[in-house]
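> Structure below; questions to follow.
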Amino acid sequence: MRETLQSLNLHDLNVLSALLQDGSVTKAAERMGQSQPAVSRTLRRLREVLDDPLFVRSGRRLAPTERAAALRAPLREILAQVARIDAATAFDPVRDERTFTIACADCLPPVFLPMLIERLAAAGPRIRVRLRLIDPAFDIGQALEEGRLDLVVNNSPRPREDLRIGALYTDEVVCLMRATHPLAPGKRVTLGRYLEARHLAPQPSSMSELGPVDGELARAGYRRQIVATVPEFNQVPYVLARTDLLFTTGRRFAEHCARLMPLVLLPAPPEFPPMRFYQLWHERDHTSAANRWLRRQVLEVSQAM
């Protein structure tokens, strides 16, 4: 059964438009950034679907047949309509007004959010960004689904089928402690000493899931002794400076704290895999030009740290 006109796609129509403009398969291929054989294959398909030669050789050029010439005006209008649709769905940070709402884990390296805000603020005069922390009472999956969030940056991916995930970076797991801590003279904290130690931990970001540290311990059948929790990571160095508690975190955050306070860090037990950080977004925003742009900014900032 011969294909109908409705079976033509936008690529087919663009090739036909280029051939009408250039009168040459070679020039049409150059215009579209394709190979000459690819354009020739599309022309054969067009001839079959439209049941017409469409172009005949006239000297060095391809001259349109009556059928092809009659398609010039409607084709121009179709592609103009498509261009208007593209313009309506495109995103230009210099021109467009947009507020991006991002939920972030508190354990991100301290330079990450300042670099991201700097980048977004410089992208356009009407770009705004609102950041919020992830806490147990906040359902990030529902917020993404309802459009109250554009993106989540976290080290604990959520297993929902309607959420997309993109890897950002990995970070070595280390133990942070004050310089006079009994473990400080060592080169690495063994699992046995780790489990014997008293720990400081962040407030859980989810009521239903363990964090990456306690989740990894639970999978191996272990549980650490958490003496205290803090609601924000910026309180960690001040607590550690006054106690013999141990704090488990990524190397980037720990090194920042050690530069500010009399703290030291040691590699965590080798049983801990690296922390992996991700960005999450909802399926509904996967093809959004604005969301794609935002995800690219987040990825590039994470690579520049």
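A note on labels: chains of the structure tokens are A, B, ... as shown, every chain counts residues from 1, and ligands are counted from 1 in their shown order.
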Tell me, as a list of chain:residue names, which residues lie within 8 Å of stretch 92-100 of chain A, counting only C-alpha atoms; anything in the same chain fewer than 6 positions away does not count.
A:Ala123, A:Gly124, A:Pro125, A:Arg126, A:Ile127, A:Arg128, A:Val129, A:Arg130, A:Leu149, A:Asp150
> In Å, rounded to a single decimal, give me how far atom CA of A:Glu283 is from atom CA of A:Glu146.
11.3 Å
> Applying 10 Å and only C-alpha atoms, which residues near A:Leu20 remain after dropping the ones on its own chain fewer than 2 positions away? List them as a list in words.
Asn14, Val15, Leu16, Ser17, Ala18, Asp22, Gly23, Ser24, Val25, Ala28, Leu54, Phe55, Leu62, Ala63, Pro64, Ala68, Ala69, Leu71 and Arg72 of chain A
> Between A:Pro269, A:Leu200, A:Ile78, A:Ser58, single out the one closest to A:Arg242, counting only C-alpha atoms.
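Closest to A:Arg242 of all the choices is A:Leu200.
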> Skipping near chain neighbours, those fewer than 6 positions away, what residues fall within 12 Å of A:Leu183 using only C-alpha atoms, listed as a list in words?
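What passes the distance filter is Cys175, Leu176, Met177, Val189, Thr190, Gly192, Arg193, Tyr194, Glu196, Ala197, Arg198, Asp244, Leu245, Leu246, Leu263, Val264, Leu265, Leu266, Pro267 and Ala268 of chain A.
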> Check the smallest atom-to-atom distance from each of A:Leu168, A:Leu50, A:Ala201, A:Leu113 to A:Ile226 using only C-alpha atoms, then report the winner.
A:Ala201
> DSSP on the backbone, helix (DSSP H, G or I) only: what residues of stretch 167-297 of chain A does that give? Format it as a ChimeraX atom specification.
/A:191-196,212-219,233-240,251-260,283-285,289-297
> For atom CA of A:Val111 and atom CA of A:Asn155, quote the distance in Å rounded to one decimal.
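Atom CA of A:Asn155 lies 16.3 Å from atom CA of A:Val111.
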> Can you pull out every residue within 10 Å of A:Gln297, counting only C-alpha atoms, but drop anything in the same chain fewer than 4 positions away, and send it as JSON, numbers by chain?
{"A": [116, 119, 120, 123, 291, 292, 293, 301, 302, 303]}
> Please identify which residues in stretch 3-195 of chain A DSSP calls strand (DSSP E or B) from the backbone, and express them as a compact mmCIF listing (two decimals) with all heavy atoms, in the first residue's frame.

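Wrote result-v4.txt, looks like this:
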```txt
# COMPACT_ATOMS: atom_id res chain seq x y z
N PHE A 55 11.08 16.80 -9.30
CA PHE A 55 12.16 17.58 -9.91
C PHE A 55 12.71 16.81 -11.10
O PHE A 55 12.85 15.58 -11.05
CB PHE A 55 13.30 17.84 -8.90
CG PHE A 55 12.89 18.65 -7.71
CD1 PHE A 55 12.46 18.01 -6.56
CD2 PHE A 55 12.91 20.03 -7.76
CE1 PHE A 55 12.07 18.75 -5.46
CE2 PHE A 55 12.51 20.77 -6.66
CZ PHE A 55 12.08 20.13 -5.51
N VAL A 56 13.01 17.57 -12.19
CA VAL A 56 13.63 16.97 -13.37
C VAL A 56 14.88 17.76 -13.70
O VAL A 56 15.01 18.94 -13.36
CB VAL A 56 12.66 16.98 -14.58
CG1 VAL A 56 11.46 16.08 -14.30
CG2 VAL A 56 12.22 18.40 -14.92
N ARG A 57 15.81 17.09 -14.34
CA ARG A 57 17.08 17.73 -14.65
C ARG A 57 16.88 18.78 -15.73
O ARG A 57 16.24 18.55 -16.75
CB ARG A 57 18.06 16.66 -15.15
CG ARG A 57 19.43 17.17 -15.54
CD ARG A 57 20.20 17.75 -14.38
NE ARG A 57 20.42 16.76 -13.31
CZ ARG A 57 20.97 17.06 -12.15
NH1 ARG A 57 21.32 18.33 -11.89
NH2 ARG A 57 21.15 16.11 -11.25
N SER A 58 17.40 19.98 -15.50
CA SER A 58 17.36 21.07 -16.46
C SER A 58 18.72 21.74 -16.44
O SER A 58 18.98 22.63 -15.60
CB SER A 58 16.25 22.07 -16.12
OG SER A 58 16.27 23.17 -17.01
N ARG A 61 20.72 22.27 -13.00
CA ARG A 61 19.80 22.43 -11.90
C ARG A 61 18.67 21.40 -11.99
O ARG A 61 18.44 20.77 -13.03
CB ARG A 61 19.18 23.83 -11.91
CG ARG A 61 20.15 24.94 -11.54
CD ARG A 61 19.47 26.30 -11.59
NE ARG A 61 18.28 26.35 -10.74
CZ ARG A 61 18.31 26.58 -9.41
NH1 ARG A 61 19.47 26.74 -8.80
NH2 ARG A 61 17.19 26.62 -8.73
N LEU A 62 17.97 21.27 -10.87
CA LEU A 62 16.75 20.48 -10.82
C LEU A 62 15.58 21.43 -10.91
O LEU A 62 15.42 22.32 -10.07
CB LEU A 62 16.67 19.67 -9.51
CG LEU A 62 17.71 18.56 -9.32
CD1 LEU A 62 17.53 17.92 -7.94
CD2 LEU A 62 17.55 17.50 -10.42
N ALA A 63 14.77 21.26 -11.95
CA ALA A 63 13.61 22.12 -12.12
C ALA A 63 12.39 21.46 -11.50
O ALA A 63 12.16 20.25 -11.69
CB ALA A 63 13.36 22.40 -13.60
N PRO A 64 11.57 22.19 -10.71
CA PRO A 64 10.38 21.59 -10.10
C PRO A 64 9.31 21.27 -11.14
O PRO A 64 9.12 22.01 -12.11
CB PRO A 64 9.91 22.66 -9.13
CG PRO A 64 10.42 23.95 -9.70
CD PRO A 64 11.73 23.61 -10.36
N ARG A 98 11.65 34.28 34.01
CA ARG A 98 11.40 32.95 34.56
C ARG A 98 11.95 32.87 35.98
O ARG A 98 13.04 33.36 36.26
CB ARG A 98 12.07 31.88 33.69
CG ARG A 98 11.86 30.44 34.13
CD ARG A 98 10.41 30.01 33.96
NE ARG A 98 10.21 28.64 34.41
CZ ARG A 98 10.05 27.60 33.59
NH1 ARG A 98 10.05 27.79 32.28
NH2 ARG A 98 9.87 26.39 34.08
N THR A 99 11.19 32.26 36.87
CA THR A 99 11.65 31.97 38.22
C THR A 99 11.82 30.46 38.35
O THR A 99 10.88 29.71 38.13
CB THR A 99 10.66 32.47 39.29
OG1 THR A 99 10.54 33.89 39.20
CG2 THR A 99 11.14 32.10 40.69
N PHE A 100 13.03 30.03 38.66
CA PHE A 100 13.32 28.62 38.84
C PHE A 100 13.34 28.29 40.33
O PHE A 100 13.97 29.00 41.12
CB PHE A 100 14.68 28.26 38.24
CG PHE A 100 14.74 28.36 36.74
CD1 PHE A 100 15.43 29.40 36.13
CD2 PHE A 100 14.09 27.44 35.94
CE1 PHE A 100 15.49 29.49 34.75
CE2 PHE A 100 14.15 27.52 34.56
CZ PHE A 100 14.83 28.55 33.96
N THR A 101 12.65 27.23 40.71
CA THR A 101 12.62 26.79 42.10
C THR A 101 13.34 25.45 42.20
O THR A 101 12.98 24.49 41.53
CB THR A 101 11.17 26.64 42.60
OG1 THR A 101 10.47 27.88 42.39
CG2 THR A 101 11.15 26.31 44.08
N ILE A 102 14.36 25.41 43.04
CA ILE A 102 15.24 24.24 43.16
C ILE A 102 15.31 23.83 44.62
O ILE A 102 15.53 24.66 45.51
CB ILE A 102 16.66 24.56 42.65
CG1 ILE A 102 16.61 25.11 41.22
CG2 ILE A 102 17.54 23.32 42.71
CD1 ILE A 102 17.94 25.65 40.73
N ALA A 103 15.11 22.54 44.88
CA ALA A 103 15.32 21.99 46.23
C ALA A 103 16.68 21.31 46.26
O ALA A 103 17.03 20.57 45.34
CB ALA A 103 14.21 21.00 46.57
N CYS A 104 17.45 21.57 47.32
CA CYS A 104 18.82 21.09 47.40
C CYS A 104 19.07 20.34 48.69
O CYS A 104 18.53 20.69 49.74
CB CYS A 104 19.81 22.26 47.34
SG CYS A 104 19.70 23.24 45.85
N ILE A 127 15.78 36.61 35.13
CA ILE A 127 15.87 35.25 35.66
C ILE A 127 15.95 35.33 37.18
O ILE A 127 16.76 36.07 37.73
CB ILE A 127 17.11 34.52 35.11
CG1 ILE A 127 17.03 34.39 33.58
CG2 ILE A 127 17.23 33.14 35.75
CD1 ILE A 127 15.85 33.57 33.10
N ARG A 128 15.09 34.59 37.86
CA ARG A 128 15.09 34.52 39.32
C ARG A 128 15.28 33.07 39.74
O ARG A 128 14.89 32.15 39.03
CB ARG A 128 13.77 35.04 39.89
CG ARG A 128 13.40 36.46 39.45
CD ARG A 128 14.27 37.51 40.13
NE ARG A 128 13.86 38.85 39.75
CZ ARG A 128 14.36 39.53 38.73
NH1 ARG A 128 15.27 38.96 37.95
NH2 ARG A 128 13.96 40.76 38.46
N VAL A 129 15.85 32.88 40.92
CA VAL A 129 16.04 31.52 41.42
C VAL A 129 15.64 31.50 42.90
O VAL A 129 16.01 32.38 43.67
CB VAL A 129 17.49 31.03 41.23
CG1 VAL A 129 18.50 31.95 41.89
CG2 VAL A 129 17.64 29.61 41.75
N ARG A 130 14.85 30.49 43.26
CA ARG A 130 14.46 30.28 44.65
C ARG A 130 14.96 28.91 45.07
O ARG A 130 14.67 27.91 44.43
CB ARG A 130 12.93 30.35 44.80
CG ARG A 130 12.35 31.72 44.52
CD ARG A 130 10.84 31.70 44.61
NE ARG A 130 10.26 33.01 44.34
CZ ARG A 130 8.96 33.24 44.17
NH1 ARG A 130 8.11 32.23 44.25
NH2 ARG A 130 8.52 34.46 43.94
N LEU A 131 15.70 28.87 46.16
CA LEU A 131 16.27 27.63 46.67
C LEU A 131 15.62 27.27 47.99
O LEU A 131 15.29 28.15 48.79
CB LEU A 131 17.78 27.79 46.87
CG LEU A 131 18.59 28.16 45.63
CD1 LEU A 131 20.02 28.47 46.02
CD2 LEU A 131 18.55 27.04 44.61
N ARG A 132 15.42 25.99 48.20
CA ARG A 132 14.91 25.52 49.48
C ARG A 132 15.58 24.20 49.83
O ARG A 132 16.02 23.45 48.95
CB ARG A 132 13.39 25.37 49.46
CG ARG A 132 12.84 24.29 48.55
CD ARG A 132 11.51 23.78 49.10
NE ARG A 132 11.68 23.13 50.38
CZ ARG A 132 10.72 22.98 51.29
NH1 ARG A 132 9.52 23.46 51.04
NH2 ARG A 132 10.95 22.36 52.43
N LEU A 133 15.68 23.94 51.13
CA LEU A 133 16.27 22.70 51.58
C LEU A 133 15.26 21.57 51.51
O LEU A 133 14.05 21.80 51.51
CB LEU A 133 16.78 22.84 53.02
CG LEU A 133 18.01 23.75 53.20
CD1 LEU A 133 18.35 23.86 54.68
CD2 LEU A 133 19.21 23.21 52.43
N LEU A 151 13.45 21.50 39.86
CA LEU A 151 14.60 20.60 39.90
C LEU A 151 14.94 20.29 41.36
O LEU A 151 14.68 21.10 42.26
CB LEU A 151 15.80 21.29 39.23
CG LEU A 151 16.94 20.42 38.72
CD1 LEU A 151 16.47 19.48 37.61
CD2 LEU A 151 18.08 21.30 38.20
N VAL A 152 15.53 19.12 41.56
CA VAL A 152 16.05 18.72 42.87
C VAL A 152 17.50 18.31 42.69
O VAL A 152 17.84 17.58 41.75
CB VAL A 152 15.25 17.54 43.46
CG1 VAL A 152 15.92 17.00 44.71
CG2 VAL A 152 13.81 17.97 43.76
N VAL A 153 18.37 18.80 43.57
CA VAL A 153 19.78 18.39 43.58
C VAL A 153 20.00 17.67 44.89
O VAL A 153 19.84 18.26 45.97
CB VAL A 153 20.72 19.60 43.45
CG1 VAL A 153 22.18 19.13 43.47
CG2 VAL A 153 20.43 20.36 42.16
N ASN A 154 20.38 16.39 44.81
CA ASN A 154 20.40 15.57 46.00
C ASN A 154 21.43 14.45 45.84
O ASN A 154 21.92 14.20 44.74
CB ASN A 154 19.01 14.97 46.25
CG ASN A 154 18.81 14.49 47.68
OD1 ASN A 154 19.69 14.64 48.52
ND2 ASN A 154 17.67 13.89 47.95
N LEU A 163 9.98 10.28 37.61
CA LEU A 163 11.08 11.20 37.83
C LEU A 163 12.28 10.79 36.99
O LEU A 163 12.66 9.62 36.93
CB LEU A 163 11.49 11.23 39.31
CG LEU A 163 10.45 11.71 40.31
CD1 LEU A 163 11.06 11.81 41.70
CD2 LEU A 163 9.84 13.04 39.89
N ARG A 164 12.86 11.77 36.34
CA ARG A 164 14.09 11.55 35.57
C ARG A 164 15.29 11.87 36.46
O ARG A 164 15.20 12.69 37.38
CB ARG A 164 14.11 12.46 34.35
CG ARG A 164 13.05 12.14 33.30
CD ARG A 164 13.58 11.11 32.35
NE ARG A 164 12.69 10.93 31.21
CZ ARG A 164 13.10 10.62 29.99
NH1 ARG A 164 14.38 10.48 29.74
NH2 ARG A 164 12.24 10.45 29.01
N ILE A 165 16.41 11.24 36.18
CA ILE A 165 17.60 11.43 37.00
C ILE A 165 18.82 11.66 36.11
O ILE A 165 18.95 11.03 35.06
CB ILE A 165 17.82 10.22 37.93
CG1 ILE A 165 19.02 10.43 38.84
CG2 ILE A 165 17.96 8.92 37.14
CD1 ILE A 165 19.13 9.38 39.93
N GLY A 166 19.66 12.59 36.53
CA GLY A 166 20.90 12.86 35.80
C GLY A 166 22.06 12.94 36.77
O GLY A 166 22.00 13.67 37.78
N ALA A 167 23.11 12.19 36.52
CA ALA A 167 24.28 12.18 37.40
C ALA A 167 25.02 13.51 37.32
O ALA A 167 25.16 14.10 36.23
CB ALA A 167 25.22 11.03 37.03
N LEU A 168 25.51 14.01 38.46
CA LEU A 168 26.28 15.25 38.51
C LEU A 168 27.75 14.98 38.83
O LEU A 168 28.63 15.27 38.04
CB LEU A 168 25.68 16.21 39.54
CG LEU A 168 24.30 16.77 39.21
CD1 LEU A 168 23.79 17.63 40.35
CD2 LEU A 168 24.34 17.59 37.92
N TYR A 169 28.04 14.43 40.00
CA TYR A 169 29.43 14.17 40.38
C TYR A 169 29.45 13.17 41.52
O TYR A 169 28.43 12.87 42.14
CB TYR A 169 30.14 15.46 40.79
CG TYR A 169 29.58 16.11 42.04
CD1 TYR A 169 30.12 15.84 43.30
CD2 TYR A 169 28.51 16.99 41.97
CE1 TYR A 169 29.62 16.41 44.44
CE2 TYR A 169 27.99 17.58 43.10
CZ TYR A 169 28.54 17.30 44.34
OH TYR A 169 28.03 17.86 45.47
N THR A 170 30.62 12.63 41.81
CA THR A 170 30.81 11.74 42.96
C THR A 170 31.80 12.38 43.91
O THR A 170 32.61 13.23 43.52
CB THR A 170 31.33 10.36 42.53
OG1 THR A 170 32.59 10.53 41.87
CG2 THR A 170 30.36 9.68 41.59
N ASP A 171 31.71 11.98 45.18
CA ASP A 171 32.58 12.55 46.20
C ASP A 171 33.01 11.45 47.17
O ASP A 171 32.18 10.62 47.57
CB ASP A 171 31.84 13.66 46.97
CG ASP A 171 32.78 14.65 47.62
OD1 ASP A 171 34.00 14.51 47.45
OD2 ASP A 171 32.28 15.58 48.28
N VAL A 173 33.80 9.58 50.55
CA VAL A 173 33.24 9.67 51.90
C VAL A 173 34.39 9.73 52.90
O VAL A 173 35.32 8.91 52.85
CB VAL A 173 32.33 8.46 52.20
CG1 VAL A 173 31.78 8.56 53.63
CG2 VAL A 173 31.18 8.40 51.21
N VAL A 174 34.33 10.72 53.80
CA VAL A 174 35.37 10.90 54.81
C VAL A 174 34.71 11.10 56.17
O VAL A 174 33.50 11.35 56.28
CB VAL A 174 36.28 12.10 54.49
CG1 VAL A 174 36.98 11.91 53.16
CG2 VAL A 174 35.48 13.40 54.51
N CYS A 175 35.53 11.00 57.22
CA CYS A 175 35.09 11.26 58.58
C CYS A 175 35.74 12.56 59.05
O CYS A 175 36.96 12.71 58.98
CB CYS A 175 35.48 10.12 59.51
SG CYS A 175 34.68 8.55 59.11
N LEU A 176 34.93 13.48 59.54
CA LEU A 176 35.41 14.78 60.00
C LEU A 176 35.35 14.80 61.53
O LEU A 176 34.36 14.35 62.12
CB LEU A 176 34.53 15.88 59.41
CG LEU A 176 34.92 17.33 59.66
CD1 LEU A 176 36.27 17.65 59.01
CD2 LEU A 176 33.83 18.27 59.12
N MET A 177 36.40 15.33 62.17
CA MET A 177 36.48 15.33 63.64
C MET A 177 37.41 16.45 64.07
O MET A 177 38.17 17.01 63.27
CB MET A 177 37.02 13.98 64.13
CG MET A 177 38.45 13.70 63.71
SD MET A 177 38.90 11.95 63.71
CE MET A 177 38.24 11.46 62.11
N ARG A 178 37.37 16.75 65.37
CA ARG A 178 38.29 17.78 65.84
C ARG A 178 39.70 17.21 65.92
O ARG A 178 39.91 15.99 65.99
CB ARG A 178 37.85 18.34 67.18
CG ARG A 178 37.88 17.42 68.37
CD ARG A 178 37.43 18.21 69.60
NE ARG A 178 37.33 17.36 70.80
CZ ARG A 178 36.98 17.84 71.99
NH1 ARG A 178 36.69 19.13 72.13
NH2 ARG A 178 36.90 17.04 73.04
```
> Taking into account only C-alpha atoms, which residue in the set A:Arg148, A:His199, A:His256, A:Arg219 is nearest to A:Asn234?
A:His256
> In Å to one decimal, how far is atom CA of A:Leu8 from atom CA of A:Leu79?
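Answer for the atom CA of A:Leu79 to atom CA of A:Leu8 separation: 13.2 Å.
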